[in-house]
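*Asks:* The structure that follows is given in the form of structure tokens.
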Amino acid sequence: MTAPARPDTPTNPAPAPNTPAVEEIHTRLAGWLAEAVLTPAADASAPLRDLGVDSLDLIRTARRIEAAFGVRVQLRELFAPGLTTARLAELVAERAARRGSADAAPPGAAHGPVVLTPSQEQAWEEQTGDRGHWNQAMLFTTRPDLDAELFGEAVRRLVAGHASLRLAVEARPARRPRQLVAAMAPDGLTGTAVDGPTGAASDGPTGTALDGSTGAGFVGSTGTAVDGPTGAVFGGPTGSTGAASDGPTGTALDGSTGAGFVGTTGAVFGGSTSAVVDGPTGTALDGPTGAVVDGPTGAAFGGSTGAASDGPTGTAPDGPTGTTLDTVLDTVDISELADAELSAAVTLRCAVEQRSLDPQAGRVARFVRFDAGPSRPGRLLIVVHQLAFDMVSWSVLLADLQELYTALEAGRRDVWAAEGTSYPQWAQALAAHARTPEAEAEAEWWTEVARTPATVPLDHAVADPRAANTAATAATHREEFPADLTARLHTAARAHRAHPGDLVLHALGEALADWLDEPAVRVDILRHGREETVGGTHLARTTGWFTTTVPVRLDLAPGTPAERLARTVGHLAALPGGGVGHGALARHGRPRISAALRAAPPSDVSFDFEGDDADALPLGTLLPDVAPEAVGDITAPHWVRPHLIEVIATTDDETLRVEWWYSALLHDQATVRGLAARHRAALTALVAAAAESAAPEARTR
């Protein structure tokens, strides 16, 4: 979702004209919320809390409100008891009448080094090897008549508007890592500096252009390779001498002598005549000889002749000083390929792109457009490093890209992607929150939860189970539940004023307690983490990795099924501050509190209720659908999984499915299948008990 956000917009404009009527606002709100309400019989005049609308639905609603009416409504306001659709419409109308632009940084602004968020820092410590290959990735179909120039400008404005897509991690010896955000020109004015004179790069010497004039390229110098010896150019001129990225002189990344990035002799990844991607000399990606993979002859990765990314001369000490469109967007011409060859070419390039990111070099986002010609749908691959992105961010990103392209196609040049609180600002706010009295008051709660058992027995003893728990050893067991049970699950959740995921989690607790013979167990649950109670932030339109892991205690002491479920639902409802305080205190709290919380190891078991992710994607005319081709492996084989057993539940197509991820080096398939069977039996019994307890109440009405 985008909004007019010129860098020179007045901070206190006059009241907005043409304020929409309350009736119009109410009609649109009712339509949006109806998409999230699970039962047609729900009373639309009831408070939002009573309609079964969850936090992710409200995040999407807040984003739609801001896009449609230019009004910001914080998530904590949407969660307020008694807030109805009618009252929300009145609130939006009141704010629309006096709306103005927020005092925020202009699109494309750089941001100085700040701390990592708790999730980022923990992941950085866990992944001690190559940290570049751990991504979020999706492949979409594109409409056939896509305008390449307008699409490129839309991507530029998208990346300029979202700070997380330009972040870099600064690793410092014997010190905590930090993150910073590179500057990017907010529009396509070639050769214009950001915060500097024409022809000068941001924070760089005069004469170094951000977008392609002769001289130095993106944070580098003439003839300098990316992580390679002098003389190689990453995406540089045709037939550039010697070395590939991340390889010794004369060696391609995938093996051939004298090649460019993932190619062979004379190949250039960034795209010049006779460019090759993983093919024989002089051959294009599954296409005719001499095909170009995005870029004129002699174009460097960052845009200028002979310049490479990340070289010694002229490199800033704190990471990349500027981001250009060439570093994030490539176009691959597949228009001459048959359909079968097209899919093979797309799949191959997707696999290559999964290995192309490097957060320390500031490469955290890649957009690759596959041009299939004017009569066939193309493809768009979007790959973003996990440190910069989460699942909720997809809906923000896709909605913004659709609206940017639509506006540019209509001739509107005054529209940019606009965040509320940027991701580095959130990191600062969360760190500051950890030292507040409100956050420190949560310490006793989290300490008590940490005392709950959380270790599962292993089938195979190893010296270091967490080191052995890698992506290469991962295996999966899947359970699918009948559609009628899924429907009854939603009914039971409403009867207990709970979320369906709460019941699935409670059944997991029942299964674990039975397996471990414990009266209570600790499970790490994944929450969206966009808690606007922290620092007065506004996060509905911000991309980044907000997902937070929260330890919860599931008390399965003796009692009726309803009593045990009530304890779980009550515990989840009472989580302080949505759970973000645990990570903040553990990573940024005062030493005594931080040490106490970090002394407790994470649970061996995690749980994530993802719901129906397909419906959450705002696909439109630009990207009509998810493409059928595989995106490739999103993690490296050596990537360390954070939990020994990961349980992921979805409700796609109104059918509950539960995936059990585990390491084959640590657990046998029979063990996991047995645990899944226990969970299935517990959930089935729980739903049946909930229906029986609700029946007498229904008869007395």
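So you can find residues: chains in the structure tokens are A, B, ... in the order shown, residues in each start at 1, and ligands are numbered from 1 in order.
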Which residues of region 45-75 of chain A come within 8 Å of region 383-401 of chain A, and what is each one's closest atom pair and distance in Å (one decimal), counting only C-alpha atoms, sorted by chain and residue number, as CSV?
*Replies:*
```
residue,atom,partner,partner_atom,distance
A:Leu56,CA,A:Val392,CA,7.8
A:Arg60,CA,A:Ser395,CA,8.0
A:Arg63,CA,A:Val396,CA,7.9
```
*Asks:* Which residues are close to region 511-519 of chain A, i.e. within 9 Å by only C-alpha atoms, leaving aside same-chain residues fewer than 3 positions away? Reply as a VMD selection string.
*Replies:* chain A and resid 453 455 to 457 506 to 508 554 to 558 675 to 682
*Asks:* Give me the residues within 8 Å of Pro624 (chain A) as an MDAnalysis selection string, counting only C-alpha atoms and dropping any in the same chain fewer than 4 places off.
*Replies:* chainID A and resid 140:143 619:620
*Asks:* Export, as a PDB file, in the first residue's frame, the selected residues with all heavy atoms.
*Replies:*
```
ATOM      1  N   PHE A 140       6.094 -15.836  -8.611  1.00  0.00           N
ATOM      2  CA  PHE A 140       4.753 -15.468  -9.062  1.00  0.00           C
ATOM      3  C   PHE A 140       4.703 -15.430 -10.583  1.00  0.00           C
ATOM      4  O   PHE A 140       5.722 -15.249 -11.257  1.00  0.00           O
ATOM      5  CB  PHE A 140       4.371 -14.084  -8.524  1.00  0.00           C
ATOM      6  CG  PHE A 140       4.448 -13.956  -7.033  1.00  0.00           C
ATOM      7  CD1 PHE A 140       5.583 -13.452  -6.417  1.00  0.00           C
ATOM      8  CD2 PHE A 140       3.389 -14.363  -6.238  1.00  0.00           C
ATOM      9  CE1 PHE A 140       5.674 -13.345  -5.041  1.00  0.00           C
ATOM     10  CE2 PHE A 140       3.454 -14.263  -4.855  1.00  0.00           C
ATOM     11  CZ  PHE A 140       4.599 -13.754  -4.260  1.00  0.00           C
ATOM     12  N   THR A 141       3.500 -15.580 -11.123  1.00  0.00           N
ATOM     13  CA  THR A 141       3.303 -15.297 -12.541  1.00  0.00           C
ATOM     14  C   THR A 141       3.095 -13.793 -12.702  1.00  0.00           C
ATOM     15  O   THR A 141       2.608 -13.116 -11.792  1.00  0.00           O
ATOM     16  CB  THR A 141       2.075 -16.032 -13.096  1.00  0.00           C
ATOM     17  OG1 THR A 141       0.908 -15.632 -12.354  1.00  0.00           O
ATOM     18  CG2 THR A 141       2.250 -17.540 -12.986  1.00  0.00           C
ATOM     19  N   THR A 142       3.501 -13.260 -13.847  1.00  0.00           N
ATOM     20  CA  THR A 142       3.300 -11.839 -14.156  1.00  0.00           C
ATOM     21  C   THR A 142       2.409 -11.713 -15.377  1.00  0.00           C
ATOM     22  O   THR A 142       2.356 -12.618 -16.216  1.00  0.00           O
ATOM     23  CB  THR A 142       4.632 -11.132 -14.432  1.00  0.00           C
ATOM     24  OG1 THR A 142       5.262 -11.723 -15.583  1.00  0.00           O
ATOM     25  CG2 THR A 142       5.572 -11.242 -13.239  1.00  0.00           C
ATOM     26  N   ARG A 143       1.716 -10.605 -15.492  1.00  0.00           N
ATOM     27  CA  ARG A 143       0.840 -10.413 -16.648  1.00  0.00           C
ATOM     28  C   ARG A 143       1.697 -10.275 -17.911  1.00  0.00           C
ATOM     29  O   ARG A 143       2.814  -9.738 -17.870  1.00  0.00           O
ATOM     30  CB  ARG A 143      -0.045  -9.204 -16.443  1.00  0.00           C
ATOM     31  CG  ARG A 143       0.657  -7.890 -16.496  1.00  0.00           C
ATOM     32  CD  ARG A 143      -0.259  -6.749 -16.082  1.00  0.00           C
ATOM     33  NE  ARG A 143      -0.125  -5.599 -16.947  1.00  0.00           N
ATOM     34  CZ  ARG A 143      -0.624  -4.402 -16.671  1.00  0.00           C
ATOM     35  NH1 ARG A 143      -1.304  -4.210 -15.547  1.00  0.00           N
ATOM     36  NH2 ARG A 143      -0.480  -3.407 -17.514  1.00  0.00           N
ATOM     37  N   LEU A 619      -2.744 -10.870  -4.118  1.00  0.00           N
ATOM     38  CA  LEU A 619      -2.413 -10.989  -5.537  1.00  0.00           C
ATOM     39  C   LEU A 619      -3.405 -10.181  -6.358  1.00  0.00           C
ATOM     40  O   LEU A 619      -4.585 -10.109  -6.037  1.00  0.00           O
ATOM     41  CB  LEU A 619      -2.435 -12.462  -5.949  1.00  0.00           C
ATOM     42  CG  LEU A 619      -1.452 -13.359  -5.191  1.00  0.00           C
ATOM     43  CD1 LEU A 619      -1.617 -14.810  -5.623  1.00  0.00           C
ATOM     44  CD2 LEU A 619      -0.018 -12.894  -5.398  1.00  0.00           C
ATOM     45  N   GLY A 620      -2.915  -9.561  -7.435  1.00  0.00           N
ATOM     46  CA  GLY A 620      -3.767  -8.705  -8.249  1.00  0.00           C
ATOM     47  C   GLY A 620      -3.462  -8.874  -9.722  1.00  0.00           C
ATOM     48  O   GLY A 620      -3.021  -9.936 -10.175  1.00  0.00           O
TER      49      GLY A 620
END
```
*Asks:* Which residues of region 525-552 of chain A have any atom within 9 Å of an atom in region 417-421 of chain A when counting only C-alpha atoms, and what is the closest pair of atoms for each, with the distance in Å to one decimal? Order the rows by chain and rising number and write it as a tab-separated table.
*Replies:*
```
residue	atom	partner	partner_atom	distance
A:Thr537	CA	A:Thr421	CA	5.8
A:His538	CA	A:Gly420	CA	5.1
A:Leu539	CA	A:Thr421	CA	5.8
A:Ala540	CA	A:Gly420	CA	7.6
A:Arg541	CA	A:Glu419	CA	5.4
A:Thr542	CA	A:Glu419	CA	5.3
A:Thr543	CA	A:Glu419	CA	8.2
```
*Asks:* Closest to Ile334 (chain A) among A:Arg488, A:Gln354, A:Asp371, A:Thr568, using only C-alpha atoms?
*Replies:*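 The answer is A:Asp371, which sits nearest to Ile334 (chain A).
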*Asks:* May I ask which of the residues A:Ala566, A:Ala361, A:Glu66, A:Ala483 is the closest one to Leu180 (chain A), counting only C-alpha atoms?
*Replies:*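 Closest to Leu180 (chain A) of all the choices is A:Ala361.
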*Asks:* What residues in region 382-483 of chain A get the DSSP label alpha helix (DSSP H)? Please answer as a ChimeraX atom specification.
*Replies:* /A:391-409,423-433,437-440,443-450,465-468,483
*Asks:* May I have the residues within 12 Å of Ala407 (chain A) as a list in words, using only C-alpha atoms and disregarding those fewer than 3 positions away in the same chain?
*Replies:*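 Near Ala407 (chain A), the qualifying residues are Met1, Thr2, Ala3, Pro4, Leu150, Phe151, Glu153, Ala154, Arg157, Asp400, Leu401, Gln402, Glu403, Leu404, Ala410, Gly411, Arg412, Arg413, Asp414, Val415, Trp416, Ala417 and Leu622 of chain A.
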*Asks:* Produce a file of the selected residues containing N, CA and C atoms, as a PDB file, in the first residue's frame.
*Replies:*
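Resulting contents of part.pdb:
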```pdb
ATOM      1  N   MET A   1       0.850  -1.172   0.000  1.00  0.00           N
ATOM      2  CA  MET A   1       0.000   0.000   0.000  1.00  0.00           C
ATOM      3  C   MET A   1       0.889   1.227   0.000  1.00  0.00           C
ATOM      4  N   THR A   2       0.583   2.151  -0.840  1.00  0.00           N
ATOM      5  CA  THR A   2       1.462   3.299  -0.966  1.00  0.00           C
ATOM      6  C   THR A   2       0.693   4.578  -0.751  1.00  0.00           C
ATOM      7  N   ALA A   3       1.429   5.645  -0.586  1.00  0.00           N
ATOM      8  CA  ALA A   3       0.807   6.934  -0.345  1.00  0.00           C
ATOM      9  C   ALA A   3       1.732   8.013  -0.851  1.00  0.00           C
ATOM     10  N   PRO A   4       1.197   9.188  -1.267  1.00  0.00           N
ATOM     11  CA  PRO A   4       2.069  10.286  -1.649  1.00  0.00           C
ATOM     12  C   PRO A   4       3.025  10.593  -0.503  1.00  0.00           C
ATOM     13  N   LEU A 150       8.470   0.653 -16.428  1.00  0.00           N
ATOM     14  CA  LEU A 150       7.615   1.008 -15.293  1.00  0.00           C
ATOM     15  C   LEU A 150       7.793   0.019 -14.149  1.00  0.00           C
ATOM     16  N   PHE A 151       7.959  -1.256 -14.482  1.00  0.00           N
ATOM     17  CA  PHE A 151       8.151  -2.244 -13.436  1.00  0.00           C
ATOM     18  C   PHE A 151       9.458  -1.988 -12.690  1.00  0.00           C
ATOM     19  N   GLU A 153      10.932   0.865 -12.275  1.00  0.00           N
ATOM     20  CA  GLU A 153      10.741   2.035 -11.416  1.00  0.00           C
ATOM     21  C   GLU A 153       9.902   1.678 -10.190  1.00  0.00           C
ATOM     22  N   ALA A 154       8.902   0.796 -10.363  1.00  0.00           N
ATOM     23  CA  ALA A 154       8.091   0.369  -9.222  1.00  0.00           C
ATOM     24  C   ALA A 154       8.942  -0.377  -8.202  1.00  0.00           C
ATOM     25  N   ARG A 157      11.145   2.132  -6.264  1.00  0.00           N
ATOM     26  CA  ARG A 157      10.405   2.864  -5.233  1.00  0.00           C
ATOM     27  C   ARG A 157      10.005   1.939  -4.075  1.00  0.00           C
ATOM     28  N   ASP A 400       2.111  -3.176  -1.956  1.00  0.00           N
ATOM     29  CA  ASP A 400       2.822  -1.955  -2.358  1.00  0.00           C
ATOM     30  C   ASP A 400       3.280  -2.033  -3.812  1.00  0.00           C
ATOM     31  N   LEU A 401       3.825  -3.181  -4.214  1.00  0.00           N
ATOM     32  CA  LEU A 401       4.302  -3.325  -5.587  1.00  0.00           C
ATOM     33  C   LEU A 401       3.154  -3.179  -6.580  1.00  0.00           C
ATOM     34  N   GLN A 402       2.019  -3.790  -6.290  1.00  0.00           N
ATOM     35  CA  GLN A 402       0.849  -3.670  -7.162  1.00  0.00           C
ATOM     36  C   GLN A 402       0.418  -2.216  -7.291  1.00  0.00           C
ATOM     37  N   GLU A 403       0.325  -1.523  -6.161  1.00  0.00           N
ATOM     38  CA  GLU A 403      -0.168  -0.156  -6.217  1.00  0.00           C
ATOM     39  C   GLU A 403       0.829   0.800  -6.871  1.00  0.00           C
ATOM     40  N   LEU A 404       2.122   0.584  -6.627  1.00  0.00           N
ATOM     41  CA  LEU A 404       3.140   1.422  -7.268  1.00  0.00           C
ATOM     42  C   LEU A 404       3.082   1.280  -8.787  1.00  0.00           C
ATOM     43  N   ALA A 410      -0.642   4.602 -14.684  1.00  0.00           N
ATOM     44  CA  ALA A 410      -1.659   5.639 -14.894  1.00  0.00           C
ATOM     45  C   ALA A 410      -1.057   7.026 -15.037  1.00  0.00           C
ATOM     46  N   GLY A 411       0.266   7.107 -15.029  1.00  0.00           N
ATOM     47  CA  GLY A 411       0.929   8.395 -15.205  1.00  0.00           C
ATOM     48  C   GLY A 411       1.181   9.159 -13.927  1.00  0.00           C
ATOM     49  N   ARG A 412       0.923   8.547 -12.771  1.00  0.00           N
ATOM     50  CA  ARG A 412       1.152   9.214 -11.485  1.00  0.00           C
ATOM     51  C   ARG A 412       2.594   8.973 -11.051  1.00  0.00           C
ATOM     52  N   ARG A 413       3.338  10.061 -10.889  1.00  0.00           N
ATOM     53  CA  ARG A 413       4.740   9.944 -10.495  1.00  0.00           C
ATOM     54  C   ARG A 413       4.964  10.367  -9.048  1.00  0.00           C
ATOM     55  N   ASP A 414       3.901  10.676  -8.314  1.00  0.00           N
ATOM     56  CA  ASP A 414       4.042  11.222  -6.967  1.00  0.00           C
ATOM     57  C   ASP A 414       3.712  10.194  -5.895  1.00  0.00           C
ATOM     58  N   VAL A 415       3.874   8.902  -6.200  1.00  0.00           N
ATOM     59  CA  VAL A 415       3.510   7.862  -5.256  1.00  0.00           C
ATOM     60  C   VAL A 415       4.742   7.029  -4.921  1.00  0.00           C
ATOM     61  N   TRP A 416       4.980   6.857  -3.627  1.00  0.00           N
ATOM     62  CA  TRP A 416       6.076   6.028  -3.123  1.00  0.00           C
ATOM     63  C   TRP A 416       5.545   5.066  -2.073  1.00  0.00           C
ATOM     64  N   ALA A 417       6.276   4.010  -1.838  1.00  0.00           N
ATOM     65  CA  ALA A 417       5.967   3.168  -0.691  1.00  0.00           C
ATOM     66  C   ALA A 417       6.328   3.948   0.568  1.00  0.00           C
ATOM     67  N   LEU A 622      -1.110  -7.424 -11.498  1.00  0.00           N
ATOM     68  CA  LEU A 622       0.319  -7.447 -11.807  1.00  0.00           C
ATOM     69  C   LEU A 622       0.895  -8.842 -11.595  1.00  0.00           C
TER      70      LEU A 622
END
```
*Asks:* Take CA of Thr560 (chain A) and CA of Pro500 (chain A) and report the distance between them in Å, one decimal.
*Replies:*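 So the two atoms, CA of Thr560 (chain A) and CA of Pro500 (chain A), lie 19.4 Å apart.
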*Asks:* Grab the CA of Pro551 (chain A) to CA of Val169 (chain A) distance for me, in Å with one decimal place.
*Replies:*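 For CA of Pro551 (chain A) relative to CA of Val169 (chain A), the distance reads 26.9 Å.
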*Asks:* Can you work out the spacing between CA of Arg494 (chain A) and CA of Thr548 (chain A) in Å, to one decimal?
*Replies:*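 Computing it gives 25.7 Å between the two atoms.
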*Asks:* Select, from A:Leu526, A:Ile648, A:Glu336, A:Val552, the residue with the minimum atom-to-atom distance to Ala574 (chain A), counting only C-alpha atoms.
*Replies:*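 Closest to Ala574 (chain A) of all the choices is A:Val552.
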*Asks:* With only C-alpha atoms as the counted atoms, please give the residues lying no more than 10 Å from Glu438 (chain A), apart from itself and same-chain residues fewer than 5 positions off, as number ranges by chain.
*Replies:* A: 433, 443, 576-577, 581
*Asks:* Store the residues picked out above, limited to N, CA, C and O atoms, as a compact mmCIF listing (two decimals), in the first residue's frame.
*Replies:*
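Saved file out37.txt follows:
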```
# COMPACT_ATOMS: atom_id res chain seq x y z
N HIS A 433 12.90 -0.37 25.04
CA HIS A 433 11.79 -0.92 25.83
C HIS A 433 12.29 -1.89 26.89
O HIS A 433 11.71 -1.97 27.99
N ALA A 443 9.79 -9.74 34.02
CA ALA A 443 10.89 -10.68 34.21
C ALA A 443 10.48 -11.89 35.05
O ALA A 443 10.85 -13.03 34.76
N PRO A 576 2.44 -11.24 28.60
CA PRO A 576 2.72 -9.80 28.70
C PRO A 576 3.16 -9.21 27.36
O PRO A 576 4.06 -9.74 26.71
N GLY A 577 2.49 -8.17 26.95
CA GLY A 577 2.92 -7.43 25.76
C GLY A 577 3.02 -8.24 24.49
O GLY A 577 3.84 -7.94 23.62
N GLY A 581 8.48 -8.92 24.96
CA GLY A 581 9.33 -8.55 26.07
C GLY A 581 10.35 -9.61 26.44
O GLY A 581 11.43 -9.30 26.95
```
*Asks:* Could you please write out, as a list in words, every residue of region 472-569 of chain A that DSSP assigns to strand (DSSP E or B)?
*Replies:*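 Secondary structure check on region 472-569 of chain A, strand (DSSP E or B): Ala474, Ala475, Thr476, His477, Arg478, Glu479, Glu480, Ala520, Val521, Arg522, Val523, Asp524, Ile525, Leu526, Arg527, Thr548, Thr549, Val550, Pro551, Val552, Arg553, Leu554 and Asp555 of chain A.
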*Asks:* Which is closest to Ala160 (chain A) among A:Val346, A:Ala34, A:Val521, A:Val181, if we use only C-alpha atoms?
*Replies:*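 Counting only C-alpha atoms, the residue closest to Ala160 (chain A) is A:Val181.
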*Asks:* Might you pull out every residue within 12 Å of region 19-29 of chain A, with only C-alpha atoms counted and same-chain residues fewer than 6 positions away left off, and present them as a compact mmCIF listing (two decimals) with N, CA and C atoms, in the first residue's frame?
*Replies:*
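Everything below was put into part_7.txt:
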```txt
# COMPACT_ATOMS: atom_id res chain seq x y z
N GLU A 35 -14.20 -10.87 5.18
CA GLU A 35 -13.27 -11.86 4.62
C GLU A 35 -12.59 -12.67 5.72
N ALA A 36 -12.48 -12.08 6.92
CA ALA A 36 -11.76 -12.74 8.01
C ALA A 36 -12.68 -13.49 8.96
N ALA A 44 -22.47 -9.08 12.69
CA ALA A 44 -21.50 -8.09 12.21
C ALA A 44 -21.45 -6.85 13.09
N SER A 45 -22.47 -6.65 13.94
CA SER A 45 -22.47 -5.49 14.81
C SER A 45 -21.75 -5.75 16.13
N LEU A 48 -15.20 -6.50 17.46
CA LEU A 48 -14.30 -7.27 16.59
C LEU A 48 -13.75 -8.49 17.31
N ASP A 57 -5.37 -10.67 10.79
CA ASP A 57 -6.47 -10.05 10.07
C ASP A 57 -6.52 -8.55 10.37
N LEU A 58 -6.27 -8.19 11.62
CA LEU A 58 -6.32 -6.77 12.00
C LEU A 58 -5.14 -6.00 11.44
N ARG A 60 -3.80 -6.61 8.52
CA ARG A 60 -4.20 -6.35 7.13
C ARG A 60 -5.25 -5.25 7.07
N THR A 61 -6.18 -5.23 8.03
CA THR A 61 -7.22 -4.19 8.05
C THR A 61 -6.60 -2.82 8.28
N ALA A 62 -5.65 -2.72 9.21
CA ALA A 62 -4.98 -1.44 9.47
C ALA A 62 -4.25 -0.94 8.23
N ARG A 63 -3.63 -1.87 7.51
CA ARG A 63 -2.91 -1.48 6.29
C ARG A 63 -3.89 -1.00 5.22
N ARG A 64 -5.02 -1.66 5.09
CA ARG A 64 -6.03 -1.24 4.11
C ARG A 64 -6.62 0.12 4.47
N ILE A 65 -6.83 0.36 5.75
CA ILE A 65 -7.37 1.66 6.18
C ILE A 65 -6.41 2.77 5.80
N GLU A 66 -5.14 2.56 6.05
CA GLU A 66 -4.16 3.62 5.74
C GLU A 66 -4.06 3.86 4.24
N ALA A 68 -6.41 3.28 1.93
CA ALA A 68 -7.65 3.80 1.35
C ALA A 68 -7.99 5.19 1.84
N PHE A 69 -7.70 5.48 3.12
CA PHE A 69 -8.17 6.74 3.71
C PHE A 69 -7.06 7.63 4.25
N GLY A 70 -5.79 7.16 4.14
CA GLY A 70 -4.69 7.97 4.64
C GLY A 70 -4.69 8.14 6.14
N VAL A 71 -5.25 7.17 6.85
CA VAL A 71 -5.41 7.25 8.31
C VAL A 71 -4.70 6.07 8.95
N THR A 84 -16.48 -1.89 17.75
CA THR A 84 -17.30 -2.48 16.68
C THR A 84 -16.90 -1.88 15.34
N THR A 85 -17.40 -2.45 14.29
CA THR A 85 -17.14 -1.92 12.95
C THR A 85 -17.67 -0.50 12.83
N ALA A 86 -18.84 -0.25 13.40
CA ALA A 86 -19.43 1.09 13.33
C ALA A 86 -18.56 2.12 14.05
N ARG A 87 -18.07 1.76 15.25
CA ARG A 87 -17.22 2.70 15.99
C ARG A 87 -15.89 2.91 15.28
N LEU A 88 -15.36 1.86 14.68
CA LEU A 88 -14.11 1.99 13.93
C LEU A 88 -14.30 2.93 12.74
N ALA A 89 -15.44 2.82 12.05
CA ALA A 89 -15.72 3.71 10.92
C ALA A 89 -15.76 5.17 11.38
N GLU A 90 -16.37 5.42 12.53
CA GLU A 90 -16.41 6.79 13.06
C GLU A 90 -15.00 7.29 13.39
N LEU A 91 -14.19 6.42 13.98
CA LEU A 91 -12.82 6.79 14.32
C LEU A 91 -12.02 7.14 13.08
N VAL A 92 -12.15 6.32 12.04
CA VAL A 92 -11.43 6.58 10.78
C VAL A 92 -11.90 7.89 10.16
N ALA A 93 -13.19 8.12 10.16
CA ALA A 93 -13.73 9.36 9.58
C ALA A 93 -13.20 10.58 10.33
N GLU A 94 -13.14 10.49 11.67
CA GLU A 94 -12.63 11.62 12.46
C GLU A 94 -11.18 11.93 12.10
N ARG A 95 -10.38 10.90 11.97
CA ARG A 95 -8.96 11.11 11.66
C ARG A 95 -8.76 11.53 10.21
N ALA A 96 -9.60 11.02 9.32
CA ALA A 96 -9.49 11.40 7.91
C ALA A 96 -9.76 12.89 7.73
N ALA A 97 -10.64 13.43 8.57
CA ALA A 97 -10.97 14.86 8.46
C ALA A 97 -9.81 15.76 8.83
N ARG A 98 -8.87 15.25 9.62
CA ARG A 98 -7.75 16.09 10.04
C ARG A 98 -6.40 15.45 9.72
N ARG A 99 -6.41 14.52 8.75
CA ARG A 99 -5.20 13.77 8.49
C ARG A 99 -4.10 14.65 7.91
```
*Asks:* Can you pull out every residue within 7 Å of Met184 (chain A), counting only C-alpha atoms, but drop anything in the same chain fewer than 5 positions away, and send it as a CSV table (one decimal) with C-alpha atoms, in the first residue's frame?
*Replies:*
```csv
chain,number,residue,atom,x,y,z
A,108,GLY,CA,15.4,5.9,0.4
A,109,ALA,CA,17.1,7.5,3.4
A,160,ALA,CA,13.5,2.8,-1.4
A,194,VAL,CA,21.2,10.9,-2.5
A,322,GLY,CA,24.2,3.1,-1.4
A,323,THR,CA,21.8,0.7,-3.1
A,324,THR,CA,21.0,0.8,-6.8
```
*Asks:* Which is closest to Pro377 (chain A) among A:Leu623, A:Ala137, A:Ala110, A:Ala431, if we use only C-alpha atoms?
*Replies:* A:Leu623
*Asks:* From the set A:Ala520, A:Ile59, A:Leu597, A:Leu656, which residue has the shortest atom-to-atom contact distance to Arg72 (chain A), counting only C-alpha atoms?
*Replies:*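 Nearest to Arg72 (chain A): A:Ile59.
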